[in-house]
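**Student:** What follows is my_file_2.tsv, TSV, C-alpha atoms.
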```
chain	number	residue	atom	x	y	z
A	1	MET	CA	-24.49	11.63	15.67
A	2	ASP	CA	-21.23	10.09	14.49
A	3	GLU	CA	-20.33	10.30	10.83
A	4	PRO	CA	-20.04	6.92	9.15
A	5	MET	CA	-16.49	5.68	8.68
A	6	THR	CA	-15.17	5.82	5.15
A	7	THR	CA	-13.38	2.63	4.16
A	8	THR	CA	-10.37	3.06	1.93
A	9	ALA	CA	-8.40	0.35	0.15
A	10	ILE	CA	-5.07	0.67	-1.59
A	11	TYR	CA	-4.66	-1.35	-4.79
A	12	PRO	CA	-0.90	-1.46	-5.33
A	13	GLY	CA	0.98	-2.71	-8.34
A	14	SER	CA	3.29	-1.85	-11.18
A	15	PHE	CA	0.45	-1.70	-13.75
A	16	ASP	CA	2.92	-1.99	-16.62
A	17	PRO	CA	0.46	-1.84	-18.30
A	18	VAL	CA	-2.98	-1.96	-16.71
A	19	THR	CA	-5.12	-4.83	-18.05
A	20	ASN	CA	-8.85	-5.48	-18.03
A	21	GLY	CA	-8.13	-7.97	-15.23
A	22	HIS	CA	-6.88	-5.08	-13.08
A	23	VAL	CA	-9.93	-3.01	-14.00
A	24	ASP	CA	-12.19	-5.92	-13.03
A	25	ILE	CA	-10.60	-6.11	-9.56
A	26	ILE	CA	-11.05	-2.34	-9.14
A	27	GLU	CA	-14.71	-2.48	-10.23
A	28	ARG	CA	-15.45	-5.31	-7.82
A	29	GLY	CA	-13.42	-3.69	-5.04
A	30	ARG	CA	-15.64	-0.61	-5.34
A	31	GLN	CA	-18.49	-2.74	-4.02
A	32	LEU	CA	-16.51	-3.42	-0.83
A	33	PHE	CA	-14.85	-0.07	-0.16
A	34	ASP	CA	-15.99	3.54	-0.25
A	35	ARG	CA	-12.74	4.62	-1.85
A	36	ILE	CA	-9.92	2.90	-3.73
A	37	ILE	CA	-6.53	4.41	-4.39
A	38	VAL	CA	-4.69	2.66	-7.21
A	39	VAL	CA	-1.03	3.09	-6.30
A	40	ILE	CA	1.78	2.51	-8.74
A	41	LEU	CA	4.63	1.39	-6.55
A	42	TYR	CA	8.24	1.75	-7.57
A	43	ASN	CA	9.71	-1.75	-7.76
A	44	PRO	CA	13.50	-1.78	-8.21
A	45	ALA	CA	13.35	-5.47	-9.15
A	46	LYS	CA	11.24	-4.78	-12.26
A	47	GLU	CA	12.25	-3.05	-15.45
A	48	SER	CA	9.24	-1.15	-16.75
A	49	LEU	CA	8.15	-0.80	-20.36
A	50	PHE	CA	6.23	2.40	-19.61
A	51	SER	CA	7.42	5.33	-17.53
A	52	LEU	CA	5.69	6.15	-14.28
A	53	GLU	CA	4.03	9.16	-15.94
A	54	GLU	CA	2.75	7.01	-18.82
A	55	ARG	CA	1.28	4.44	-16.44
A	56	VAL	CA	-0.42	7.16	-14.38
A	57	SER	CA	-1.87	8.67	-17.55
A	58	MET	CA	-3.22	5.34	-18.84
A	59	LEU	CA	-4.73	4.47	-15.45
A	60	GLU	CA	-6.34	7.88	-15.02
A	61	GLU	CA	-7.91	7.71	-18.49
A	62	THR	CA	-9.10	4.15	-17.91
A	63	LEU	CA	-10.53	4.82	-14.43
A	64	GLN	CA	-12.06	8.26	-14.99
A	65	LYS	CA	-15.55	6.70	-15.03
A	66	PHE	CA	-15.20	5.79	-11.33
A	67	ASP	CA	-15.76	8.73	-9.00
A	68	ASN	CA	-14.41	6.92	-5.94
A	69	VAL	CA	-11.15	5.73	-7.50
A	70	SER	CA	-7.95	7.76	-7.69
A	71	VAL	CA	-4.43	7.08	-8.94
A	72	ASP	CA	-1.20	7.85	-7.15
A	73	THR	CA	2.46	6.80	-7.04
A	74	PHE	CA	4.68	5.84	-4.13
A	75	HIS	CA	8.22	4.80	-3.39
A	76	GLY	CA	8.31	2.74	-0.22
A	77	LEU	CA	6.31	0.17	1.70
A	78	THR	CA	2.62	-0.27	0.94
A	79	VAL	CA	1.73	-0.31	4.65
A	80	ASP	CA	3.42	3.07	5.07
A	81	TYR	CA	1.33	4.46	2.21
A	82	CYS	CA	-1.81	2.98	3.80
A	83	GLN	CA	-1.06	4.59	7.13
A	84	LYS	CA	-0.31	7.96	5.53
A	85	HIS	CA	-3.66	7.88	3.65
A	86	ASN	CA	-5.79	6.34	6.44
A	87	ALA	CA	-6.47	3.20	4.43
A	88	GLN	CA	-7.76	0.14	6.23
A	89	ALA	CA	-6.99	-2.43	3.55
A	90	ILE	CA	-4.72	-3.54	0.76
A	91	LEU	CA	-6.66	-4.93	-2.19
A	92	ARG	CA	-4.98	-7.72	-4.14
A	93	GLY	CA	-6.10	-9.86	-7.06
A	94	MET	CA	-5.16	-13.49	-7.49
A	95	ARG	CA	-5.31	-15.31	-10.81
A	96	ALA	CA	-4.18	-18.80	-9.92
A	97	VAL	CA	-2.59	-21.02	-7.31
A	98	SER	CA	0.79	-19.86	-8.61
A	99	ASP	CA	0.04	-16.35	-7.27
A	100	PHE	CA	-0.90	-17.65	-3.83
A	101	GLU	CA	2.51	-18.29	-2.27
A	102	TYR	CA	3.91	-14.86	-3.14
A	103	GLU	CA	0.72	-13.04	-2.17
A	104	PHE	CA	0.46	-14.99	1.09
A	105	GLN	CA	4.05	-14.09	2.06
A	106	LEU	CA	3.45	-10.45	1.16
A	107	ALA	CA	0.23	-10.31	3.18
A	108	LEU	CA	1.91	-11.85	6.22
A	109	MET	CA	4.82	-9.41	6.02
A	110	ASN	CA	2.45	-6.46	5.70
A	111	ARG	CA	0.48	-7.76	8.67
A	112	ARG	CA	3.69	-8.04	10.68
A	113	LEU	CA	4.62	-4.45	9.77
A	114	ASN	CA	1.18	-3.02	10.58
A	115	ARG	CA	-1.50	-5.13	12.26
A	116	ASP	CA	-4.19	-2.49	11.62
A	117	ILE	CA	-4.12	-2.95	7.86
A	118	GLN	CA	-5.91	-5.94	6.36
A	119	THR	CA	-5.18	-7.59	3.03
A	120	VAL	CA	-8.28	-8.45	1.01
A	121	PHE	CA	-7.93	-10.90	-1.86
A	122	LEU	CA	-10.29	-11.02	-4.81
A	123	MET	CA	-10.10	-13.91	-7.21
A	124	THR	CA	-9.77	-12.79	-10.79
A	125	SER	CA	-12.83	-13.39	-12.91
A	126	LEU	CA	-12.51	-16.46	-15.11
A	127	ARG	CA	-12.40	-14.39	-18.29
A	128	TRP	CA	-9.16	-12.70	-17.10
A	129	LEU	CA	-7.48	-15.74	-15.55
A	130	TYR	CA	-4.78	-15.96	-18.24
A	131	VAL	CA	-4.19	-12.22	-18.64
A	132	SER	CA	-1.10	-10.60	-17.14
A	133	SER	CA	0.83	-7.48	-18.06
A	134	SER	CA	3.88	-9.49	-19.10
A	135	ILE	CA	1.88	-11.86	-21.32
A	136	ILE	CA	0.12	-8.88	-22.94
A	137	LYS	CA	3.45	-7.16	-23.68
A	138	GLU	CA	4.87	-10.30	-25.24
A	139	ALA	CA	1.77	-10.89	-27.34
A	140	VAL	CA	1.83	-7.33	-28.72
A	141	TYR	CA	5.56	-7.55	-29.37
A	142	PHE	CA	4.88	-10.50	-31.68
A	143	GLY	CA	1.89	-8.80	-33.33
A	144	ALA	CA	-0.96	-10.66	-31.63
A	145	ASN	CA	-4.48	-9.30	-31.38
A	146	ILE	CA	-5.16	-8.18	-27.78
A	147	ASN	CA	-8.53	-6.54	-28.46
A	148	GLY	CA	-10.67	-6.71	-25.32
A	149	MET	CA	-7.82	-7.70	-22.99
A	150	VAL	CA	-6.67	-4.19	-22.13
A	151	PRO	CA	-8.32	-0.77	-22.11
A	152	PRO	CA	-8.27	0.96	-25.54
A	153	ILE	CA	-5.67	3.55	-24.47
A	154	VAL	CA	-3.33	0.76	-23.37
A	155	GLN	CA	-3.76	-1.11	-26.63
A	156	GLN	CA	-2.96	2.08	-28.56
A	157	ARG	CA	0.14	2.85	-26.49
A	158	LEU	CA	1.41	-0.73	-26.75
A	159	ARG	CA	1.07	-0.66	-30.54
A	160	GLU	CA	2.91	2.67	-30.62
A	161	ARG	CA	5.65	1.39	-28.33
A	162	PHE	CA	6.23	-1.77	-30.35
A	163	ASN	CA	5.44	-0.07	-33.68
A	164	THR	CA	2.91	-2.74	-34.59
A	165	LYS	CA	-0.35	-2.58	-36.49
A	166	ASP	CA	-3.69	-3.58	-35.00
A	167	PRO	CA	-4.24	-7.17	-36.26
A	168	GLY	CA	-7.97	-6.72	-35.69
A	169	THR	CA	-8.30	-3.83	-38.12
A	170	GLY	CA	-5.23	-4.13	-40.29
A	171	GLY	CA	-4.17	-0.61	-39.30
```
Taking this structure as input, can you express it in the form of structure tokens?

**Tutor:**
Amino acid sequence: MDEPMTTTAIYPGSFDPVTNGHVDIIERGRQLFDRIIVVILYNPAKESLFSLEERVSMLEETLQKFDNVSVDTFHGLTVDYCQKHNAQAILRGMRAVSDFEYEFQLALMNRRLNRDIQTVFLMTSLRWLYVSSSIIKEAVYFGANINGMVPPIVQQRLRERFNTKDPGTGG
């Protein structure tokens, strides 16, 4: 009797920092795939607020409740990482129409590079539609309350990084 095939998806991104929108995509992706590898990709076009090690740490703490999700880093093409780890799919989240053109181009390029790897898009849940890592960073920088928009460890690290108090608690 043949063993059932394990389906693996790669969820790539910079995760600088991870938001509850990212976590929502991961939770929902777990319903579609046996295993998800969250991969922090090095992007030379982006200047990161958090180091690679800090992002890995925040993701691992946030995702420890999921036994079929792991965190890794990679410098190179996502399709190469997929092939190296026997992944069948790239999981991507889309918030709005503005994300579509970039994501569509990326998916087509990945498909051109490796036809065996599929890109699966999940629409962001309505409650996270406006949340992005860059908006979160800007809000914290100016002292806004981001309770419930990011995992607790991320909120703590953002406050430490920007030396701000928690507007929700006054401390």

**Student:** My list of candidates is A:Glu60, A:Asp67, A:Asp80, A:Glu54. Which is closest to Arg30 of chain A when distances are computed with all atoms listed in the file?

**Tutor:**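 Using all atoms listed in the file, the shortest distance to Arg30 of chain A belongs to A:Asp67.
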
**Student:** What is the atom CA of His75 of chain A-atom CA of Ser125 of chain A distance in Å, reported with one decimal?

**Tutor:**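 It comes out at 29.4 Å.
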
**Student:** With a distance cut-off of 7 Å and all atoms listed in the file, select the neighbouring residues of segment 23-27 of chain A, excluding the residue or stretch itself and same-chain residues fewer than 6 positions from it, and output the selection as a VMD selection string.

**Tutor:** chain A and resid 93 122 124

**Student:** Of the candidates A:Phe66, A:Phe15, A:Phe33, A:Tyr81, which shows the shortest atom-to-atom distance to Glu47 of chain A, using only C-alpha atoms?

**Tutor:** A:Phe15

**Student:** Identify the residues around (-10.1, -9.2, -21.9) within a radius of 12 Å, measuring from all atoms listed in the file in the coordinates stated by the file, and give them as a list in words.

**Tutor:** Val18, Thr19, Asn20, Gly21, His22, Val23, Asp24, Thr124, Ser125, Leu126, Arg127, Trp128, Leu129, Tyr130, Val131, Ser132, Ser133, Ile136, Asn145, Ile146, Asn147, Gly148, Met149, Val150, Pro151, Pro152 and Gln155 of chain A

**Student:** Between atom CA of Phe162 of chain A and atom CA of Tyr141 of chain A, what is the distance in Å, rounded to a tenth?

**Tutor:**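 Atom CA of Tyr141 of chain A lies at a distance of 5.9 Å from atom CA of Phe162 of chain A.
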
**Student:** How big is the axis-aligned box, and where does its centre sit, when it encloses all atoms of segment 58-63 of chain A listed in the file and has 8 Å added on every side, reported in Å to one decimal as JSON?

**Tutor:**
```
{"center_x": -6.9, "center_y": 6.0, "center_z": -16.6, "size_x": 23.3, "size_y": 19.7, "size_z": 20.4}
```

**Student:** Restricting the calculation to all atoms listed in the file, which member of A:Lys84, A:Leu77, A:Gln64, A:Ala89 is positioned closest to Asp34 of chain A?

**Tutor:**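 Ranking A:Lys84, A:Leu77, A:Gln64, A:Ala89 by distance to Asp34 of chain A, first place goes to A:Ala89.
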
**Student:** Show which residues sit within 9 Å of Thr73 of chain A, as an MDAnalysis selection string. Count only C-alpha atoms, and ignore same-chain residues fewer than 5 positions away.

**Tutor:** chainID A and resid 38:42 52 56

**Student:** Keeping only C-alpha atoms, write those residues as a PDB file, keeping the file's coordinate frame.

**Tutor:**
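Below is the file selection.pdb, written as the result:
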```
ATOM      1  CA  VAL A  38      -4.690   2.660  -7.210  1.00  0.00           C
ATOM      2  CA  VAL A  39      -1.030   3.090  -6.300  1.00  0.00           C
ATOM      3  CA  ILE A  40       1.780   2.510  -8.740  1.00  0.00           C
ATOM      4  CA  LEU A  41       4.630   1.390  -6.550  1.00  0.00           C
ATOM      5  CA  TYR A  42       8.240   1.750  -7.570  1.00  0.00           C
ATOM      6  CA  LEU A  52       5.690   6.150 -14.280  1.00  0.00           C
ATOM      7  CA  VAL A  56      -0.420   7.160 -14.380  1.00  0.00           C
TER       8      VAL A  56
END
```

**Student:** When you draw a straight line from atom CA of Ile153 of chain A to atom CA of Met58 of chain A, how long is it in Å?

**Tutor:**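 Separation between atom CA of Ile153 of chain A and atom CA of Met58 of chain A: 6.4 Å.
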
**Student:** Neighbouring residues of segment 106-111 of chain A were defined as those with any atom within 9 Å, considering only C-alpha atoms; residues of the same chain fewer than 5 positions away were excluded. Please report them as JSON, numbers by chain.

**Tutor:** {"A": [77, 78, 79, 90, 101, 116, 117, 118, 119, 120]}

**Student:** Restricting the calculation to only C-alpha atoms, which member of A:His85, A:Pro17, A:Thr8, A:Val71 is positioned closest to Val140 of chain A?

**Tutor:**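 When distances to Val140 of chain A are compared using only C-alpha atoms, the smallest one comes from A:Pro17.
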
**Student:** I need every residue sitting at most 8 Å from the point (7.5, -4.7, -20.4) (coordinates as in the file, all atoms listed in the file considered), written as a list of chain:residue names.

**Tutor:**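 Every polymer residue passing the test: A:Asp16, A:Pro17, A:Glu47, A:Ser48, A:Leu49, A:Phe50, A:Ser133, A:Ser134, A:Lys137, A:Glu138.
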
**Student:** Those residues with C-alpha atoms, as a PDB file, in the coordinates of the input please?

**Tutor:**
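Listing of part_24.pdb after writing:
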```pdb
ATOM      1  CA  ASP A  16       2.920  -1.990 -16.620  1.00  0.00           C
ATOM      2  CA  PRO A  17       0.460  -1.840 -18.300  1.00  0.00           C
ATOM      3  CA  GLU A  47      12.250  -3.050 -15.450  1.00  0.00           C
ATOM      4  CA  SER A  48       9.240  -1.150 -16.750  1.00  0.00           C
ATOM      5  CA  LEU A  49       8.150  -0.800 -20.360  1.00  0.00           C
ATOM      6  CA  PHE A  50       6.230   2.400 -19.610  1.00  0.00           C
ATOM      7  CA  SER A 133       0.830  -7.480 -18.060  1.00  0.00           C
ATOM      8  CA  SER A 134       3.880  -9.490 -19.100  1.00  0.00           C
ATOM      9  CA  LYS A 137       3.450  -7.160 -23.680  1.00  0.00           C
ATOM     10  CA  GLU A 138       4.870 -10.300 -25.240  1.00  0.00           C
TER      11      GLU A 138
END
```

**Student:** I need the residue nearest Gly29 of chain A from this list: A:Ala87, A:Ala45, A:Met94, A:Val69. Use all atoms listed in the file for the distance.

**Tutor:** A:Val69

**Student:** Can you patch up segment 68-83 of chain A, filling it in to N, CA and C atoms, and show the result as a PDB file, in the frame of the given file?

**Tutor:**
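The resulting file, part35.pdb, is reproduced below:
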```pdb
ATOM      1  N   ASN A  68     -15.029   7.222  -7.228  1.00  0.00           N
ATOM      2  CA  ASN A  68     -14.410   6.920  -5.940  1.00  0.00           C
ATOM      3  C   ASN A  68     -13.073   6.197  -6.079  1.00  0.00           C
ATOM      4  N   VAL A  69     -12.442   6.352  -7.252  1.00  0.00           N
ATOM      5  CA  VAL A  69     -11.150   5.730  -7.500  1.00  0.00           C
ATOM      6  C   VAL A  69     -10.172   6.818  -7.924  1.00  0.00           C
ATOM      7  N   SER A  70      -8.993   6.809  -7.302  1.00  0.00           N
ATOM      8  CA  SER A  70      -7.950   7.760  -7.690  1.00  0.00           C
ATOM      9  C   SER A  70      -6.655   6.997  -7.952  1.00  0.00           C
ATOM     10  N   VAL A  71      -5.711   7.684  -8.577  1.00  0.00           N
ATOM     11  CA  VAL A  71      -4.430   7.080  -8.940  1.00  0.00           C
ATOM     12  C   VAL A  71      -3.316   7.895  -8.295  1.00  0.00           C
ATOM     13  N   ASP A  72      -2.324   7.189  -7.782  1.00  0.00           N
ATOM     14  CA  ASP A  72      -1.200   7.850  -7.150  1.00  0.00           C
ATOM     15  C   ASP A  72       0.053   7.003  -7.365  1.00  0.00           C
ATOM     16  N   THR A  73       1.204   7.537  -6.969  1.00  0.00           N
ATOM     17  CA  THR A  73       2.460   6.800  -7.040  1.00  0.00           C
ATOM     18  C   THR A  73       3.111   6.847  -5.656  1.00  0.00           C
ATOM     19  N   PHE A  74       4.019   5.886  -5.420  1.00  0.00           N
ATOM     20  CA  PHE A  74       4.680   5.840  -4.130  1.00  0.00           C
ATOM     21  C   PHE A  74       5.960   5.051  -4.237  1.00  0.00           C
ATOM     22  N   HIS A  75       6.952   5.508  -3.498  1.00  0.00           N
ATOM     23  CA  HIS A  75       8.220   4.800  -3.390  1.00  0.00           C
ATOM     24  C   HIS A  75       8.392   4.426  -1.926  1.00  0.00           C
ATOM     25  N   GLY A  76       8.201   3.179  -1.610  1.00  0.00           N
ATOM     26  CA  GLY A  76       8.310   2.740  -0.220  1.00  0.00           C
ATOM     27  C   GLY A  76       7.418   1.544   0.038  1.00  0.00           C
ATOM     28  N   LEU A  77       7.130   1.312   1.301  1.00  0.00           N
ATOM     29  CA  LEU A  77       6.310   0.170   1.700  1.00  0.00           C
ATOM     30  C   LEU A  77       4.820   0.496   1.588  1.00  0.00           C
ATOM     31  N   THR A  78       4.063  -0.451   1.105  1.00  0.00           N
ATOM     32  CA  THR A  78       2.620  -0.270   0.940  1.00  0.00           C
ATOM     33  C   THR A  78       1.949   0.071   2.266  1.00  0.00           C
ATOM     34  N   VAL A  79       2.360  -0.587   3.348  1.00  0.00           N
ATOM     35  CA  VAL A  79       1.730  -0.310   4.650  1.00  0.00           C
ATOM     36  C   VAL A  79       1.990   1.129   5.095  1.00  0.00           C
ATOM     37  N   ASP A  80       3.142   1.671   4.731  1.00  0.00           N
ATOM     38  CA  ASP A  80       3.420   3.070   5.070  1.00  0.00           C
ATOM     39  C   ASP A  80       2.486   3.999   4.287  1.00  0.00           C
ATOM     40  N   TYR A  81       2.264   3.668   3.021  1.00  0.00           N
ATOM     41  CA  TYR A  81       1.330   4.460   2.210  1.00  0.00           C
ATOM     42  C   TYR A  81      -0.071   4.364   2.810  1.00  0.00           C
ATOM     43  N   CYS A  82      -0.483   3.169   3.202  1.00  0.00           N
ATOM     44  CA  CYS A  82      -1.810   2.980   3.800  1.00  0.00           C
ATOM     45  C   CYS A  82      -1.972   3.843   5.046  1.00  0.00           C
ATOM     46  N   GLN A  83      -0.986   3.820   5.897  1.00  0.00           N
ATOM     47  CA  GLN A  83      -1.060   4.590   7.130  1.00  0.00           C
ATOM     48  C   GLN A  83      -1.141   6.087   6.826  1.00  0.00           C
TER      49      GLN A  83
END
```
